[in-house]
$ cat structure.txt   # compact mmCIF, C-alpha atoms
# COMPACT_ATOMS: atom_id res chain seq x y z
CA MET M 1150 0.00 0.00 0.00
CA SER M 1151 1.51 3.29 -1.03
CA THR M 1152 1.14 6.50 0.89
CA GLN M 1153 -0.82 9.28 -0.82
CA ILE M 1154 1.17 12.46 -1.39
CA ARG M 1155 -0.73 15.27 0.32
CA ALA M 1156 0.93 18.48 -0.75
CA VAL M 1157 0.93 22.16 0.05
CA VAL M 1158 2.16 24.58 -2.63
CA ILE M 1159 3.42 27.97 -1.44
CA THR M 1160 4.43 30.68 -3.87
CA VAL M 1161 6.83 33.15 -2.28
CA SER M 1162 6.60 36.41 -4.19
CA ASP M 1163 6.00 40.02 -3.23
CA ALA M 1164 4.63 40.82 -6.70
CA CYS M 1165 2.26 37.83 -6.81
CA SER M 1166 1.06 38.46 -3.25
CA ARG M 1167 0.15 42.03 -4.24
CA GLY M 1168 -1.65 40.82 -7.38
CA GLU M 1169 0.87 42.52 -9.68
CA ARG M 1170 1.92 39.27 -11.37
CA GLU M 1171 0.18 35.98 -12.12
CA ASP M 1172 1.38 32.98 -10.11
CA THR M 1173 2.49 30.77 -13.01
CA SER M 1174 5.16 28.82 -11.10
CA GLY M 1175 2.76 27.81 -8.31
CA ALA M 1176 0.24 26.76 -10.94
CA ALA M 1177 2.93 24.67 -12.64
CA LEU M 1178 3.70 22.89 -9.36
CA VAL M 1179 0.01 22.17 -8.78
CA ASP M 1180 -0.23 20.67 -12.29
CA LEU M 1181 2.92 18.56 -11.86
CA LEU M 1182 1.86 17.24 -8.47
CA THR M 1183 -1.67 16.51 -9.70
CA GLU M 1184 -0.24 14.56 -12.66
CA LEU M 1185 1.76 12.54 -10.13
CA GLY M 1186 -1.48 11.70 -8.30
CA ALA M 1187 -0.92 14.00 -5.33
CA GLU M 1188 -3.76 15.57 -3.40
CA ILE M 1189 -3.30 19.35 -3.17
CA VAL M 1190 -4.22 20.19 0.42
CA ALA M 1191 -3.58 23.93 0.07
CA LYS M 1192 -2.13 26.47 -2.33
CA GLU M 1193 -1.07 29.85 -1.04
CA VAL M 1194 0.72 32.94 -2.27
CA VAL M 1195 2.73 34.83 0.35
CA ASN M 1196 5.13 37.74 0.34
CA ASP M 1197 8.86 37.35 0.94
CA ASP M 1198 8.81 38.27 4.64
CA LEU M 1199 10.96 35.75 6.52
CA ASP M 1200 9.11 35.25 9.82
CA PRO M 1201 5.57 34.86 8.42
CA LEU M 1202 6.89 32.39 5.82
CA ALA M 1203 8.68 30.35 8.49
CA HIS M 1204 5.49 30.36 10.59
CA LYS M 1205 3.41 29.16 7.61
CA LEU M 1206 5.91 26.38 6.79
CA ARG M 1207 5.93 25.24 10.42
CA ALA M 1208 2.13 25.28 10.67
CA PHE M 1209 1.62 23.25 7.48
CA ALA M 1210 4.41 20.76 8.30
CA ASP M 1211 2.93 20.11 11.72
CA LEU M 1212 -0.42 19.08 10.23
CA LYS M 1213 -0.53 15.28 10.38
CA HIS M 1214 -2.17 14.92 6.96
CA VAL M 1215 0.47 16.97 5.08
CA ASN M 1216 3.58 15.08 3.91
CA LEU M 1217 5.00 17.39 1.23
CA ILE M 1218 5.41 21.15 1.12
CA VAL M 1219 6.84 22.76 -1.98
CA THR M 1220 7.72 26.42 -2.27
CA THR M 1221 8.43 28.32 -5.44
CA GLY M 1222 10.27 31.62 -5.55
CA GLY M 1223 12.43 33.43 -3.05
CA THR M 1224 15.51 31.27 -3.66
CA GLY M 1225 17.74 33.74 -5.49
CA PHE M 1226 20.25 36.38 -4.44
CA GLY M 1227 17.78 39.24 -3.99
CA PRO M 1228 17.65 40.96 -0.61
CA ARG M 1229 14.10 39.65 0.01
CA ASP M 1230 14.73 36.09 -1.19
CA ASN M 1231 14.08 34.32 2.12
CA ALA M 1232 12.64 30.89 1.25
CA PRO M 1233 15.85 28.96 2.12
CA GLU M 1234 16.28 30.81 5.42
CA ALA M 1235 12.65 30.21 6.39
CA THR M 1236 12.98 26.53 5.51
CA LEU M 1237 16.21 26.16 7.50
CA GLN M 1238 14.49 27.73 10.52
CA VAL M 1239 11.78 25.08 10.59
CA ILE M 1240 13.29 21.80 9.41
CA GLU M 1241 14.43 19.18 11.89
CA ARG M 1242 16.62 17.28 9.44
CA LYS M 1243 18.26 18.41 6.22
CA ALA M 1244 17.72 16.54 2.95
CA PRO M 1245 20.44 18.15 0.82
CA GLY M 1246 20.52 15.54 -1.93
CA LEU M 1247 17.28 16.76 -3.48
CA ALA M 1248 18.36 20.39 -3.84
CA GLU M 1249 21.84 19.32 -4.95
CA ALA M 1250 20.40 17.03 -7.63
CA MET M 1251 18.03 19.74 -8.88
CA ARG M 1252 20.88 22.25 -9.21
CA THR M 1253 23.24 19.75 -10.83
CA GLU M 1254 20.76 18.57 -13.44
CA THR M 1255 19.24 21.96 -14.29
CA LEU M 1256 22.72 23.48 -14.60
CA LYS M 1257 22.95 21.43 -17.81
CA ASN M 1258 20.14 23.64 -19.19
CA THR M 1259 21.03 27.05 -17.76
CA PRO M 1260 23.87 28.68 -15.83
CA MET M 1261 21.17 30.37 -13.69
CA ALA M 1262 20.78 27.09 -11.77
CA MET M 1263 23.94 27.88 -9.83
CA ILE M 1264 22.34 30.92 -8.26
CA SER M 1265 19.41 29.00 -6.80
CA ARG M 1266 19.87 28.76 -3.04
CA GLY M 1267 16.95 26.37 -2.53
CA VAL M 1268 17.17 23.81 0.26
CA SER M 1269 15.16 20.81 1.34
CA GLY M 1270 14.50 19.11 4.64
CA ILE M 1271 12.10 17.28 6.91
CA ARG M 1272 9.82 18.46 9.70
CA SER M 1273 7.14 16.43 11.49
CA GLY M 1274 6.98 13.79 8.76
CA ALA M 1275 6.73 16.33 5.93
CA LEU M 1276 9.32 16.96 3.25
CA ILE M 1277 9.86 20.63 2.41
CA VAL M 1278 11.46 21.46 -0.95
CA ASN M 1279 12.30 24.94 -2.29
CA PHE M 1280 11.92 25.40 -6.05
CA PRO M 1281 13.05 28.39 -8.13
CA GLY M 1282 10.45 30.95 -9.15
CA SER M 1283 10.04 30.43 -12.89
CA PRO M 1284 7.66 27.88 -14.44
CA LYS M 1285 10.45 26.53 -16.67
CA ALA M 1286 12.79 26.05 -13.69
CA VAL M 1287 9.95 24.46 -11.69
CA ARG M 1288 9.23 21.92 -14.45
CA GLU M 1289 12.92 21.08 -14.95
CA SER M 1290 13.61 20.81 -11.20
CA PHE M 1291 10.49 18.76 -10.51
CA ALA M 1292 11.48 16.27 -13.22
CA VAL M 1293 14.71 15.63 -11.29
CA ILE M 1294 13.08 14.67 -7.98
CA LYS M 1295 9.81 13.22 -9.29
CA PRO M 1296 11.17 9.63 -9.40
CA VAL M 1297 11.80 9.60 -5.63
CA LEU M 1298 8.85 11.56 -4.22
CA ASN M 1299 6.51 8.60 -3.65
CA HIS M 1300 9.32 6.63 -2.01
CA VAL M 1301 10.19 9.58 0.24
CA VAL M 1302 6.64 10.05 1.53
CA GLU M 1303 6.37 6.31 2.16
CA LEU M 1304 9.58 6.43 4.20
CA LEU M 1305 8.39 9.49 6.12
CA GLY M 1306 5.05 7.84 6.81
CA GLY M 1307 6.69 4.64 8.04
CA GLN M 1308 5.13 2.65 5.18
CA ARG M 1309 8.42 1.53 3.69
CA HIS M 1310 11.78 0.63 5.14
CA HIS M 1311 15.13 0.32 3.50
CA ASP M 1312 16.03 -3.29 2.77
CA LYS M 1313 19.02 -4.53 4.72
CA GLY M 1314 22.13 -4.67 2.62
CA GLN M 1315 21.12 -1.72 0.44
CA ASN M 1316 22.97 1.57 0.61
$ encode --input "structure.txt" --output "structure tokens"
Amino acid sequence: MSTQIRAVVITVSDACSRGEREDTSGAALVDLLTELGAEIVAKEVVNDDLDPLAHKLRAFADLKHVNLIVTTGGTGFGPRDNAPEATLQVIERKAPGLAEAMRTETLKNTPMAMISRGVSGIRSGALIVNFPGSPKAVRESFAVIKPVLNHVVELLGGQRHHDKGQN
């Protein structure tokens, strides 16, 4: 029996939160997760303020029925790009391989991948992953981690264990 992915999508963008720009990257994540069979528990657009974002991440991660939180935006070098810092404030364990793999693979398509500061980690049985803020970068990054997402939520939910002898 596989564990259902129950996801929250959070777009981190001052412009989108003020209604000045359409949230195309959040919409792309919703589409990609839905295609994977995930249930979208919530979709929100927030500004780039650090403390409210950290609070929102913490609140969603602590809900027992949420096992995946994805953010889009706020991962660059801008002074208000706070998604990685907010994520680092709330996670209990880091999961650096996901962000490293996304950067490594997408760097083959664009040099801009090296300026994504996105991180990933675990809190209260939920995986939190930061994605860049463009729909193209979201699609390319999601393709990198898509093959492991179901396995990850099964591990976090205690549904699956590593076989002995495997690395």
$ residues_around --input "structure.txt" --residues "Lys1295 (chain M)" --least-positions-apart "5" --cutoff "10 Å" --atoms "all atoms listed in the file" --output "number ranges by chain"
M: 1181-1182, 1185, 1290, 1300
$ closest_residue --input "structure.txt" --among "M:Ala1262, M:Ala1248, M:Leu1298, M:Ile1159" --to "Lys1285 (chain M)" --atoms "all atoms listed in the file"
M:Ala1262
$ residues_around --input "structure.txt" --residues "region 1186-1189 of chain M" --least-positions-apart "3" --cutoff "12 Å" --atoms "only C-alpha atoms" --output "ChimeraX atom specification"
/M:1151-1159,1175-1176,1178-1183,1192-1193,1214-1219,1295,1298-1299,1302
$ write_last_selection --input "structure.txt" --atoms "C-alpha atoms" --output "mmCIF file, keeping the file's coordinate frame"
data_model
loop_
_atom_site.group_PDB
_atom_site.id
_atom_site.type_symbol
_atom_site.label_atom_id
_atom_site.label_comp_id
_atom_site.auth_asym_id
_atom_site.auth_seq_id
_atom_site.Cartn_x
_atom_site.Cartn_y
_atom_site.Cartn_z
ATOM 1 C CA SER M 1151 1.510 3.290 -1.030
ATOM 2 C CA THR M 1152 1.140 6.500 0.890
ATOM 3 C CA GLN M 1153 -0.820 9.280 -0.820
ATOM 4 C CA ILE M 1154 1.170 12.460 -1.390
ATOM 5 C CA ARG M 1155 -0.730 15.270 0.320
ATOM 6 C CA ALA M 1156 0.930 18.480 -0.750
ATOM 7 C CA VAL M 1157 0.930 22.160 0.050
ATOM 8 C CA VAL M 1158 2.160 24.580 -2.630
ATOM 9 C CA ILE M 1159 3.420 27.970 -1.440
ATOM 10 C CA GLY M 1175 2.760 27.810 -8.310
ATOM 11 C CA ALA M 1176 0.240 26.760 -10.940
ATOM 12 C CA LEU M 1178 3.700 22.890 -9.360
ATOM 13 C CA VAL M 1179 0.010 22.170 -8.780
ATOM 14 C CA ASP M 1180 -0.230 20.670 -12.290
ATOM 15 C CA LEU M 1181 2.920 18.560 -11.860
ATOM 16 C CA LEU M 1182 1.860 17.240 -8.470
ATOM 17 C CA THR M 1183 -1.670 16.510 -9.700
ATOM 18 C CA LYS M 1192 -2.130 26.470 -2.330
ATOM 19 C CA GLU M 1193 -1.070 29.850 -1.040
ATOM 20 C CA HIS M 1214 -2.170 14.920 6.960
ATOM 21 C CA VAL M 1215 0.470 16.970 5.080
ATOM 22 C CA ASN M 1216 3.580 15.080 3.910
ATOM 23 C CA LEU M 1217 5.000 17.390 1.230
ATOM 24 C CA ILE M 1218 5.410 21.150 1.120
ATOM 25 C CA VAL M 1219 6.840 22.760 -1.980
ATOM 26 C CA LYS M 1295 9.810 13.220 -9.290
ATOM 27 C CA LEU M 1298 8.850 11.560 -4.220
ATOM 28 C CA ASN M 1299 6.510 8.600 -3.650
ATOM 29 C CA VAL M 1302 6.640 10.050 1.530
#
$ atom_distance --input "structure.txt" --atom1 "CA of Thr1221 (chain M)" --atom2 "CA of Glu1254 (chain M)"
17.6 Å
$ closest_residue --input "structure.txt" --among "M:Val1190, M:Ile1277, M:Cys1165, M:Met1251" --to "Arg1207 (chain M)" --atoms "only C-alpha atoms"
M:Ile1277
$ residues_around --input "structure.txt" --residues "Val1268 (chain M)" --least-positions-apart "4" --cutoff "10 Å" --atoms "only C-alpha atoms" --output "list in words"
Thr1224, Ala1232, Pro1233, Glu1234, Ala1235, Thr1236, Leu1237, Lys1243, Ala1244, Pro1245, Gly1246, Leu1247, Ala1248, Glu1249, Ile1277, Val1278, Asn1279 and Phe1280 of chain M
$ write_last_selection --input "structure.txt" --atoms "C-alpha atoms" --output "mmCIF file, keeping the file's coordinate frame"
data_model
loop_
_atom_site.group_PDB
_atom_site.id
_atom_site.type_symbol
_atom_site.label_atom_id
_atom_site.label_comp_id
_atom_site.auth_asym_id
_atom_site.auth_seq_id
_atom_site.Cartn_x
_atom_site.Cartn_y
_atom_site.Cartn_z
ATOM 1 C CA THR M 1224 15.510 31.270 -3.660
ATOM 2 C CA ALA M 1232 12.640 30.890 1.250
ATOM 3 C CA PRO M 1233 15.850 28.960 2.120
ATOM 4 C CA GLU M 1234 16.280 30.810 5.420
ATOM 5 C CA ALA M 1235 12.650 30.210 6.390
ATOM 6 C CA THR M 1236 12.980 26.530 5.510
ATOM 7 C CA LEU M 1237 16.210 26.160 7.500
ATOM 8 C CA LYS M 1243 18.260 18.410 6.220
ATOM 9 C CA ALA M 1244 17.720 16.540 2.950
ATOM 10 C CA PRO M 1245 20.440 18.150 0.820
ATOM 11 C CA GLY M 1246 20.520 15.540 -1.930
ATOM 12 C CA LEU M 1247 17.280 16.760 -3.480
ATOM 13 C CA ALA M 1248 18.360 20.390 -3.840
ATOM 14 C CA GLU M 1249 21.840 19.320 -4.950
ATOM 15 C CA ILE M 1277 9.860 20.630 2.410
ATOM 16 C CA VAL M 1278 11.460 21.460 -0.950
ATOM 17 C CA ASN M 1279 12.300 24.940 -2.290
ATOM 18 C CA PHE M 1280 11.920 25.400 -6.050
#
$ atom_distance --input "structure.txt" --atom1 "CA of Pro1284 (chain M)" --atom2 "CA of Asp1172 (chain M)"
9.2 Å
$ atom_distance --input "structure.txt" --atom1 "CA of Thr1220 (chain M)" --atom2 "CA of Arg1167 (chain M)"
17.5 Å
$ closest_residue --input "structure.txt" --among "M:Ala1177, M:Val1301, M:Ala1164, M:Met1261" --to "Asn1196 (chain M)" --atoms "only C-alpha atoms"
M:Ala1164
$ closest_residue --input "structure.txt" --among "M:Thr1160, M:Ser1273, M:Ser1265, M:Thr1253" --to "Asp1211 (chain M)" --atoms "all atoms listed in the file"
M:Ser1273
$ residues_near_point --input "structure.txt" --point "(20.4, 34.0, -5.7)" --cutoff "10 Å" --atoms "only C-alpha atoms" --output "list in words"
Gly1223, Thr1224, Gly1225, Phe1226, Gly1227, Pro1228, Asp1230, Met1261, Ala1262, Met1263, Ile1264, Ser1265, Arg1266, Gly1267 and Pro1281 of chain M
$ closest_residue --input "structure.txt" --among "M:Gln1238, M:Ile1294, M:Gly1222, M:Arg1229" --to "Leu1206 (chain M)" --atoms "only C-alpha atoms"
M:Gln1238
$ axis_aligned_box --input "structure.txt" --around "region 1237-1244 of chain M" --padding-each-side "5 Å" --output "lines of an AutoDock Vina configuration file"
center_x = 15.0
center_y = 22.1
center_z = 7.4
size_x = 16.5
size_y = 21.2
size_z = 18.9
$ decode --input "structure.txt" --residues "region 1263-1301 of chain M" --atoms "N, CA and C atoms" --output "PDB file, in the first residue's frame"
ATOM      1  N   MET M1263      22.948  27.754 -10.900  1.00  0.00           N
ATOM      2  CA  MET M1263      23.943  27.881  -9.830  1.00  0.00           C
ATOM      3  C   MET M1263      23.651  29.022  -8.874  1.00  0.00           C
ATOM      4  N   ILE M1264      22.682  29.857  -9.205  1.00  0.00           N
ATOM      5  CA  ILE M1264      22.335  30.922  -8.258  1.00  0.00           C
ATOM      6  C   ILE M1264      21.021  30.636  -7.525  1.00  0.00           C
ATOM      7  N   SER M1265      20.548  29.403  -7.615  1.00  0.00           N
ATOM      8  CA  SER M1265      19.405  28.999  -6.799  1.00  0.00           C
ATOM      9  C   SER M1265      19.933  28.527  -5.451  1.00  0.00           C
ATOM     10  N   ARG M1266      19.419  29.109  -4.385  1.00  0.00           N
ATOM     11  CA  ARG M1266      19.874  28.758  -3.039  1.00  0.00           C
ATOM     12  C   ARG M1266      18.890  27.814  -2.349  1.00  0.00           C
ATOM     13  N   GLY M1267      17.976  27.235  -3.107  1.00  0.00           N
ATOM     14  CA  GLY M1267      16.947  26.374  -2.535  1.00  0.00           C
ATOM     15  C   GLY M1267      17.518  25.247  -1.692  1.00  0.00           C
ATOM     16  N   VAL M1268      16.785  24.900  -0.634  1.00  0.00           N
ATOM     17  CA  VAL M1268      17.175  23.811   0.258  1.00  0.00           C
ATOM     18  C   VAL M1268      15.987  22.859   0.399  1.00  0.00           C
ATOM     19  N   SER M1269      16.232  21.745   1.053  1.00  0.00           N
ATOM     20  CA  SER M1269      15.156  20.810   1.344  1.00  0.00           C
ATOM     21  C   SER M1269      15.427  20.133   2.681  1.00  0.00           C
ATOM     22  N   GLY M1270      14.345  19.750   3.345  1.00  0.00           N
ATOM     23  CA  GLY M1270      14.503  19.112   4.635  1.00  0.00           C
ATOM     24  C   GLY M1270      13.187  18.546   5.129  1.00  0.00           C
ATOM     25  N   ILE M1271      13.226  18.014   6.343  1.00  0.00           N
ATOM     26  CA  ILE M1271      12.098  17.284   6.911  1.00  0.00           C
ATOM     27  C   ILE M1271      11.689  17.908   8.237  1.00  0.00           C
ATOM     28  N   ARG M1272      10.391  18.037   8.416  1.00  0.00           N
ATOM     29  CA  ARG M1272       9.819  18.459   9.700  1.00  0.00           C
ATOM     30  C   ARG M1272       8.513  17.703   9.917  1.00  0.00           C
ATOM     31  N   SER M1273       8.394  17.086  11.077  1.00  0.00           N
ATOM     32  CA  SER M1273       7.141  16.427  11.485  1.00  0.00           C
ATOM     33  C   SER M1273       6.595  15.475  10.429  1.00  0.00           C
ATOM     34  N   GLY M1274       7.445  14.737   9.752  1.00  0.00           N
ATOM     35  CA  GLY M1274       6.976  13.790   8.755  1.00  0.00           C
ATOM     36  C   GLY M1274       6.636  14.400   7.415  1.00  0.00           C
ATOM     37  N   ALA M1275       6.972  15.665   7.219  1.00  0.00           N
ATOM     38  CA  ALA M1275       6.728  16.326   5.932  1.00  0.00           C
ATOM     39  C   ALA M1275       8.053  16.730   5.305  1.00  0.00           C
ATOM     40  N   LEU M1276       8.160  16.494   4.021  1.00  0.00           N
ATOM     41  CA  LEU M1276       9.316  16.957   3.251  1.00  0.00           C
ATOM     42  C   LEU M1276       9.016  18.361   2.752  1.00  0.00           C
ATOM     43  N   ILE M1277       9.973  19.267   2.921  1.00  0.00           N
ATOM     44  CA  ILE M1277       9.857  20.632   2.409  1.00  0.00           C
ATOM     45  C   ILE M1277      10.928  20.820   1.349  1.00  0.00           C
ATOM     46  N   VAL M1278      10.534  21.260   0.161  1.00  0.00           N
ATOM     47  CA  VAL M1278      11.464  21.465  -0.950  1.00  0.00           C
ATOM     48  C   VAL M1278      11.248  22.859  -1.527  1.00  0.00           C
ATOM     49  N   ASN M1279      12.347  23.614  -1.652  1.00  0.00           N
ATOM     50  CA  ASN M1279      12.295  24.937  -2.295  1.00  0.00           C
ATOM     51  C   ASN M1279      12.599  24.799  -3.781  1.00  0.00           C
ATOM     52  N   PHE M1280      11.715  25.353  -4.607  1.00  0.00           N
ATOM     53  CA  PHE M1280      11.923  25.397  -6.055  1.00  0.00           C
ATOM     54  C   PHE M1280      12.189  26.839  -6.471  1.00  0.00           C
ATOM     55  N   PRO M1281      12.887  27.025  -7.590  1.00  0.00           N
ATOM     56  CA  PRO M1281      13.054  28.387  -8.127  1.00  0.00           C
ATOM     57  C   PRO M1281      11.697  28.974  -8.516  1.00  0.00           C
ATOM     58  N   GLY M1282      11.695  30.241  -8.921  1.00  0.00           N
ATOM     59  CA  GLY M1282      10.450  30.953  -9.155  1.00  0.00           C
ATOM     60  C   GLY M1282       9.940  31.031 -10.565  1.00  0.00           C
ATOM     61  N   SER M1283      10.569  30.382 -11.525  1.00  0.00           N
ATOM     62  CA  SER M1283      10.040  30.435 -12.887  1.00  0.00           C
ATOM     63  C   SER M1283       9.386  29.100 -13.244  1.00  0.00           C
ATOM     64  N   PRO M1284       8.325  29.133 -14.052  1.00  0.00           N
ATOM     65  CA  PRO M1284       7.657  27.880 -14.437  1.00  0.00           C
ATOM     66  C   PRO M1284       8.609  26.893 -15.126  1.00  0.00           C
ATOM     67  N   LYS M1285       9.491  27.410 -15.973  1.00  0.00           N
ATOM     68  CA  LYS M1285      10.449  26.530 -16.667  1.00  0.00           C
ATOM     69  C   LYS M1285      11.368  25.851 -15.655  1.00  0.00           C
ATOM     70  N   ALA M1286      11.893  26.620 -14.710  1.00  0.00           N
ATOM     71  CA  ALA M1286      12.789  26.052 -13.687  1.00  0.00           C
ATOM     72  C   ALA M1286      12.032  25.077 -12.791  1.00  0.00           C
ATOM     73  N   VAL M1287      10.771  25.371 -12.495  1.00  0.00           N
ATOM     74  CA  VAL M1287       9.950  24.465 -11.694  1.00  0.00           C
ATOM     75  C   VAL M1287       9.793  23.127 -12.412  1.00  0.00           C
ATOM     76  N   ARG M1288       9.441  23.169 -13.692  1.00  0.00           N
ATOM     77  CA  ARG M1288       9.231  21.919 -14.449  1.00  0.00           C
ATOM     78  C   ARG M1288      10.525  21.107 -14.530  1.00  0.00           C
ATOM     79  N   GLU M1289      11.642  21.783 -14.834  1.00  0.00           N
ATOM     80  CA  GLU M1289      12.922  21.075 -14.950  1.00  0.00           C
ATOM     81  C   GLU M1289      13.364  20.500 -13.602  1.00  0.00           C
ATOM     82  N   SER M1290      13.200  21.266 -12.533  1.00  0.00           N
ATOM     83  CA  SER M1290      13.609  20.807 -11.203  1.00  0.00           C
ATOM     84  C   SER M1290      12.720  19.669 -10.707  1.00  0.00           C
ATOM     85  N   PHE M1291      11.421  19.794 -10.941  1.00  0.00           N
ATOM     86  CA  PHE M1291      10.487  18.757 -10.510  1.00  0.00           C
ATOM     87  C   PHE M1291      10.799  17.430 -11.196  1.00  0.00           C
ATOM     88  N   ALA M1292      11.146  17.494 -12.479  1.00  0.00           N
ATOM     89  CA  ALA M1292      11.476  16.267 -13.218  1.00  0.00           C
ATOM     90  C   ALA M1292      12.635  15.516 -12.561  1.00  0.00           C
ATOM     91  N   VAL M1293      13.543  16.249 -11.932  1.00  0.00           N
ATOM     92  CA  VAL M1293      14.708  15.626 -11.295  1.00  0.00           C
ATOM     93  C   VAL M1293      14.295  14.819 -10.070  1.00  0.00           C
ATOM     94  N   ILE M1294      13.415  15.353  -9.237  1.00  0.00           N
ATOM     95  CA  ILE M1294      13.079  14.669  -7.979  1.00  0.00           C
ATOM     96  C   ILE M1294      11.811  13.824  -8.066  1.00  0.00           C
ATOM     97  N   LYS M1295      11.057  13.967  -9.137  1.00  0.00           N
ATOM     98  CA  LYS M1295       9.807  13.216  -9.293  1.00  0.00           C
ATOM     99  C   LYS M1295       9.976  11.708  -9.064  1.00  0.00           C
ATOM    100  N   PRO M1296      11.056  11.079  -9.575  1.00  0.00           N
ATOM    101  CA  PRO M1296      11.166   9.627  -9.398  1.00  0.00           C
ATOM    102  C   PRO M1296      11.280   9.156  -7.949  1.00  0.00           C
ATOM    103  N   VAL M1297      11.623  10.035  -7.018  1.00  0.00           N
ATOM    104  CA  VAL M1297      11.801   9.600  -5.628  1.00  0.00           C
ATOM    105  C   VAL M1297      10.713  10.092  -4.684  1.00  0.00           C
ATOM    106  N   LEU M1298       9.819  10.942  -5.130  1.00  0.00           N
ATOM    107  CA  LEU M1298       8.851  11.557  -4.220  1.00  0.00           C
ATOM    108  C   LEU M1298       7.930  10.542  -3.537  1.00  0.00           C
ATOM    109  N   ASN M1299       7.385   9.602  -4.274  1.00  0.00           N
ATOM    110  CA  ASN M1299       6.513   8.602  -3.645  1.00  0.00           C
ATOM    111  C   ASN M1299       7.278   7.787  -2.614  1.00  0.00           C
ATOM    112  N   HIS M1300       8.496   7.400  -2.939  1.00  0.00           N
ATOM    113  CA  HIS M1300       9.324   6.628  -2.006  1.00  0.00           C
ATOM    114  C   HIS M1300       9.600   7.441  -0.739  1.00  0.00           C
ATOM    115  N   VAL M1301       9.898   8.714  -0.908  1.00  0.00           N
ATOM    116  CA  VAL M1301      10.189   9.581   0.238  1.00  0.00           C
ATOM    117  C   VAL M1301       8.991   9.670   1.176  1.00  0.00           C
TER     118      VAL M1301
END
